[in-house]
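For reference, input39.txt is printed below; it contains compact mmCIF, C-alpha atoms.
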# COMPACT_ATOMS: atom_id res chain seq x y z
CA MET A 1 16.98 0.31 -0.73
CA LYS A 2 13.18 0.36 -0.83
CA HIS A 3 11.35 3.67 -1.17
CA THR A 4 7.65 4.54 -1.04
CA LEU A 5 6.47 7.32 -3.35
CA SER A 6 3.19 9.20 -3.30
CA VAL A 7 2.35 10.66 -6.70
CA LEU A 8 -0.60 12.99 -7.18
CA VAL A 9 -1.90 12.95 -10.74
CA GLU A 10 -4.77 14.50 -12.62
CA ASN A 11 -7.62 12.01 -12.72
CA LYS A 12 -7.38 11.49 -16.49
CA PRO A 13 -7.00 8.44 -18.76
CA GLY A 14 -3.40 7.37 -19.29
CA ALA A 15 -1.90 8.99 -16.16
CA LEU A 16 -1.16 5.66 -14.45
CA MET A 17 0.22 4.15 -17.66
CA ARG A 18 2.65 7.06 -18.14
CA VAL A 19 3.99 6.73 -14.58
CA THR A 20 4.41 2.94 -14.67
CA SER A 21 5.89 3.01 -18.19
CA MET A 22 8.58 5.42 -17.01
CA PHE A 23 9.66 2.86 -14.39
CA ALA A 24 9.65 0.03 -16.96
CA ARG A 25 11.73 2.06 -19.44
CA ARG A 26 14.37 2.63 -16.78
CA GLY A 27 14.41 -1.03 -15.70
CA PHE A 28 12.94 -0.57 -12.22
CA ASN A 29 10.48 -3.10 -10.83
CA ILE A 30 7.53 -1.74 -8.88
CA ASP A 31 7.14 -3.89 -5.73
CA SER A 32 3.76 -2.47 -4.74
CA LEU A 33 1.21 -0.24 -6.47
CA ALA A 34 -2.06 1.26 -5.24
CA VAL A 35 -4.18 3.87 -7.00
CA GLY A 36 -7.28 5.63 -5.83
CA PRO A 37 -9.17 8.90 -5.52
CA THR A 38 -8.18 11.70 -3.15
CA GLU A 39 -10.15 14.36 -1.34
CA ARG A 40 -10.41 16.14 -4.72
CA HIS A 41 -12.53 14.51 -7.43
CA ASP A 42 -10.10 15.59 -10.18
CA VAL A 43 -6.93 14.19 -8.50
CA SER A 44 -5.82 10.58 -7.90
CA ARG A 45 -3.02 9.29 -5.69
CA ILE A 46 -0.60 6.63 -6.92
CA THR A 47 1.35 5.03 -4.08
CA LEU A 48 4.21 2.84 -5.22
CA ARG A 49 7.12 1.02 -3.68
CA VAL A 50 10.35 0.65 -5.62
CA ASP A 51 13.78 -0.81 -4.83
CA CYS A 52 16.55 1.52 -5.99
CA ALA A 53 19.50 3.61 -4.83
CA HIS A 54 18.78 7.08 -3.44
CA THR A 55 20.53 8.72 -6.42
CA SER A 56 18.30 6.77 -8.81
CA LEU A 57 15.26 7.82 -6.80
CA GLU A 58 16.14 11.50 -7.23
CA GLN A 59 16.38 10.96 -11.00
CA ILE A 60 13.04 9.11 -11.03
CA GLU A 61 11.37 11.98 -9.17
CA LYS A 62 12.74 14.53 -11.67
CA GLN A 63 11.54 12.44 -14.61
CA MET A 64 8.08 11.98 -13.10
CA HIS A 65 7.66 15.74 -12.65
CA LYS A 66 8.08 16.06 -16.43
CA LEU A 67 5.21 13.67 -17.16
CA VAL A 68 1.85 14.95 -18.35
CA ASN A 69 -0.80 14.81 -15.58
CA VAL A 70 1.73 14.53 -12.70
CA LEU A 71 1.05 17.22 -10.09
CA ARG A 72 3.31 16.23 -7.21
CA VAL A 73 5.83 13.54 -6.26
CA GLN A 74 6.79 12.93 -2.65
CA GLU A 75 8.84 10.23 -0.97
CA LEU A 76 7.10 8.89 2.14
CA ALA A 77 10.01 8.62 4.55
CA PRO A 78 9.86 5.98 7.29
CA GLY A 79 8.82 7.58 10.58
CA GLU A 80 7.43 10.62 8.78
CA SER A 81 4.54 8.79 7.17
CA VAL A 82 1.73 6.38 7.95
CA GLU A 83 1.62 3.32 5.68
CA ARG A 84 -1.02 0.59 5.62
CA GLU A 85 -2.17 -2.36 3.52
CA LEU A 86 -5.36 -4.36 3.37
CA ALA A 87 -5.19 -8.13 3.01
CA LEU A 88 -7.79 -10.84 2.53
CA LEU A 89 -6.59 -14.31 3.51
CA LYS A 90 -8.56 -17.53 2.98
CA VAL A 91 -7.38 -20.13 5.47
CA ALA A 92 -8.37 -23.79 5.84
CA ALA A 93 -10.39 -23.99 9.03
CA PRO A 94 -11.66 -27.38 10.14
CA ALA A 95 -13.92 -27.19 13.20
CA SER A 96 -11.06 -28.31 15.48
CA LYS A 97 -8.89 -25.28 14.50
CA ARG A 98 -11.47 -22.49 14.20
CA ALA A 99 -11.20 -21.19 17.77
CA GLU A 100 -7.40 -21.08 17.51
CA LEU A 101 -7.53 -19.21 14.18
CA ILE A 102 -10.12 -16.72 15.42
CA SER A 103 -8.04 -16.02 18.57
CA LEU A 104 -4.99 -15.45 16.40
CA ALA A 105 -6.97 -13.08 14.18
CA GLU A 106 -8.22 -11.12 17.21
CA ALA A 107 -4.63 -10.68 18.42
CA PHE A 108 -3.80 -8.99 15.10
CA GLY A 109 -7.01 -6.99 14.88
CA ALA A 110 -8.20 -9.03 11.88
CA ARG A 111 -11.88 -9.68 11.39
CA VAL A 112 -13.75 -12.60 9.88
CA ALA A 113 -15.00 -11.41 6.48
CA ASP A 114 -16.54 -14.75 5.48
CA LEU A 115 -17.07 -18.09 7.13
CA GLY A 116 -17.51 -21.30 5.17
CA PRO A 117 -17.80 -24.96 6.13
CA ASP A 118 -14.06 -25.64 5.60
CA SER A 119 -12.40 -22.21 5.52
CA ILE A 120 -12.40 -18.66 6.90
CA VAL A 121 -11.66 -15.45 5.02
CA PHE A 122 -9.92 -12.91 7.24
CA GLU A 123 -9.66 -9.18 6.57
CA LEU A 124 -6.64 -7.42 8.03
CA THR A 125 -5.53 -3.82 7.76
CA GLY A 126 -2.12 -2.93 9.12
CA THR A 127 1.46 -2.19 8.35
CA PRO A 128 3.00 -4.42 5.69
CA GLU A 129 5.09 -6.03 8.44
CA GLU A 130 1.99 -6.86 10.52
CA ILE A 131 0.35 -8.47 7.51
CA ASP A 132 3.55 -10.45 6.78
CA SER A 133 3.54 -11.71 10.39
CA PHE A 134 -0.13 -12.74 10.30
CA GLU A 135 0.38 -14.50 6.97
CA GLU A 136 3.37 -16.39 8.38
CA LEU A 137 1.35 -17.57 11.38
CA VAL A 138 -1.72 -18.77 9.43
CA ARG A 139 0.26 -20.37 6.58
CA PRO A 140 0.84 -23.67 8.49
CA HIS A 141 -2.95 -23.97 8.92
CA GLY A 142 -3.37 -24.01 5.15
CA LEU A 143 -3.31 -20.64 3.42
CA GLN A 144 -5.58 -21.20 0.41
CA GLU A 145 -5.69 -17.71 -1.11
CA LEU A 146 -4.16 -14.33 -0.42
CA GLY A 147 -4.86 -10.89 -1.84
CA ARG A 148 -3.09 -7.68 -0.77
CA THR A 149 -3.81 -4.13 -1.86
CA GLY A 150 -0.27 -2.83 -1.84
CA ARG A 151 0.81 0.07 0.33
CA LEU A 152 -1.11 3.23 0.87
CA GLY A 153 0.56 6.07 2.67
CA LEU A 154 0.26 9.66 3.77
CA GLY A 155 2.62 12.05 5.50
CA ARG A 156 2.07 12.16 9.25
CA ALA A 157 -0.21 14.80 10.71
CA VAL A 158 1.97 17.66 11.94
CA ARG A 159 0.90 19.00 15.33
CA GLY A 160 1.66 22.46 16.61
CA SER A 161 3.02 23.66 13.30
CA LYS A 162 1.71 26.76 11.59
CA SER A 163 3.27 25.78 8.29
CA ARG A 164 1.19 24.86 5.25
CA PRO A 165 -0.05 21.24 5.25
CA GLN A 166 2.20 18.92 3.23
CA HIS A 167 -0.70 17.75 1.07
CA ALA A 168 -1.69 21.19 -0.23
CA LEU A 169 -1.68 21.50 -3.99
CA ILE A 170 -0.43 24.76 -5.39
Show me the file's structure as structure tokens.
Amino acid sequence: MKHTLSVLVENKPGALMRVTSMFARRGFNIDSLAVGPTERHDVSRITLRVDCAHTSLEQIEKQMHKLVNVLRVQELAPGESVERELALLKVAAPASKRAELISLAEAFGARVADLGPDSIVFELTGTPEEIDSFEELVRPHGLQELGRTGRLGLGRAVRGSKSRPQHALI
């Protein structure tokens, strides 16, 4: 089963290497990996997607908590989190197909990031499934290049609750 993890780490050299090495040592492949700053300048968020059994995931989480620089590990459960990806897709676009491709992009909320004489680069932000669907539909037109960021995710905003926000660091 696939799981998405959000790992908060101190923004220090080697933090990402320690986390990814732990997965490699245990023989788990990381399907998706995204790293970036958070609202705090001294903390980074690593969002990764891994395919493993739930019992293995619990063991992974325990091992990650032991790593230097790891502050918090949280599984982003489907329905309880918001997950997005960014994709850039370069598609062959002869003049006769441009209007069709642009209409398709508009239906998905993609925008034209670059327009050349023979191709268009689209930028699309959405769920991984939305990006998969858009890719599948433009592929027959001639998908020339594709770049995806990997998943980013956060726990959903909780409304009406007086409990402490899930993202608070203690």
| request: Find the residue from A:Ser119, A:Thr125, A:Thr4, A:Ser32 that sits nearest to Gln144 of chain A; use only C-alpha atoms when measuring. | output: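 Of all the options, A:Ser119 lies closest to Gln144 of chain A.
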| query | Skipping near chain neighbours, those fewer than 6 positions away, what residues fall within 7 Å of segment 80-82 of chain A using only C-alpha atoms, listed as number ranges by chain? | reply | A: 153-156
Keeping only C-alpha atoms, write the selected residues as a PDB file, in the coordinates of the input.
ATOM      1  CA  GLY A 153       0.560   6.070   2.670  1.00  0.00           C
ATOM      2  CA  LEU A 154       0.260   9.660   3.770  1.00  0.00           C
ATOM      3  CA  GLY A 155       2.620  12.050   5.500  1.00  0.00           C
ATOM      4  CA  ARG A 156       2.070  12.160   9.250  1.00  0.00           C
TER       5      ARG A 156
END
Neighbours of Ala107 of chain A within 12 Å (only C-alpha atoms; same-chain residues fewer than 6 positions away dropped), as a short mmCIF file (atom, residue, chain, number, x, y, z; two decimals) with C-alpha atoms, in the frame of the given file?
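Contents of the output file selection-v6.cif:
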data_model
loop_
_atom_site.label_atom_id
_atom_site.label_comp_id
_atom_site.auth_asym_id
_atom_site.auth_seq_id
_atom_site.Cartn_x
_atom_site.Cartn_y
_atom_site.Cartn_z
CA GLU A 100 -7.40 -21.08 17.51
CA LEU A 101 -7.53 -19.21 14.18
CA LEU A 124 -6.64 -7.42 8.03
CA GLU A 130 1.99 -6.86 10.52
CA SER A 133 3.54 -11.71 10.39
CA PHE A 134 -0.13 -12.74 10.30
CA LEU A 137 1.35 -17.57 11.38
#
| query | Hey, what's within 10 Å of Leu8 of chain A if we count all atoms listed in the file and toss same-chain stuff fewer than 6 positions away? As a VMD selection string, please? | reply | chain A and resid 15 35 37 to 38 43 to 47 69 to 74 167 169
| Nearest residue to Ala87 of chain A from the set A:Ala24, A:Leu48, A:Leu146, A:Ala53 (distances using all atoms listed in the file) |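 Looking only at the distances to Ala87 of chain A, the closest residue turns out to be A:Leu146.
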| request: Rank nothing, just name the residue among A:Leu33, A:Ile120, A:Thr20, A:Arg98 nearest to Thr149 of chain A, using only C-alpha atoms. | output: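 Checking each of A:Leu33, A:Ile120, A:Thr20, A:Arg98 against Thr149 of chain A, counting only C-alpha atoms, the winner is A:Leu33.
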| Which residue out of A:Ala93, A:Leu86, A:Asp31, A:Leu76 has the minimum interatomic distance to Gly109 of chain A when only C-alpha atoms are used? |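 Smallest separation from Gly109 of chain A among the options: A:Leu86.
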| Atom pair atom CA of Phe122 of chain A / atom CA of Ile102 of chain A: separation (Å) |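 Calculated distance between atom CA of Phe122 of chain A and atom CA of Ile102 of chain A is 9.0 Å.
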| Nearest-residue call for Arg148 of chain A, choices A:Ala95, A:Ala110, A:Leu88, A:Val7, using all atoms listed in the file | A:Leu88
| query | Can you tell me how far atom CA of Met17 of chain A sits from atom CA of Leu67 of chain A, in Å to one decimal? | reply |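 If I compute the distance from atom CA of Met17 of chain A to atom CA of Leu67 of chain A, I get 10.8 Å.
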| Rounded to one decimal in Å, what is the spacing between atom CA of Asp118 of chain A and atom CA of Glu106 of chain A? | 19.5 Å
| field | Surrounding residues of Ser21 of chain A excluding itself and chain neighbours under 4 positions, 12 Å, all atoms listed in the file, as an MDAnalysis selection string | value | chainID A and resid 14:17 25:30 60 63:64 67
| Given the choices A:Thr55, A:Thr127, A:Ser6, A:Ser96, which gets closest to Ala77 of chain A if the distance is worked out from only C-alpha atoms? |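 Of the candidates, the smallest distance to Ala77 of chain A is held by A:Ser6.
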| said: Using only C-alpha atoms - which residues lie no farther than 12 Å from the point (-12.9, 14.8, -14.5) in the file's frame? Write them as number ranges by chain. | reply: A: 9-13, 37, 40-44
| field | Non-local contacts of Pro128 of chain A (9 Å; only C-alpha atoms; under 3 positions in same chain excluded) as a list in words | value |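 Near neighbours after the sequence-gap exclusion: Glu83, Arg84, Glu85, Leu86, Thr125, Ile131, Asp132, Ser133, Gly150 and Arg151 of chain A.
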Report, as AutoDock Vina command-line options, the centre and edge lengths in Å (one decimal) of the axis-aligned box enclosing every listed atom of segment 2-14 of chain A, padded by 6 Å on each side.
--center_x 2.8 --center_y 7.4 --center_z -10.1 --size_x 32.8 --size_y 26.1 --size_z 30.5
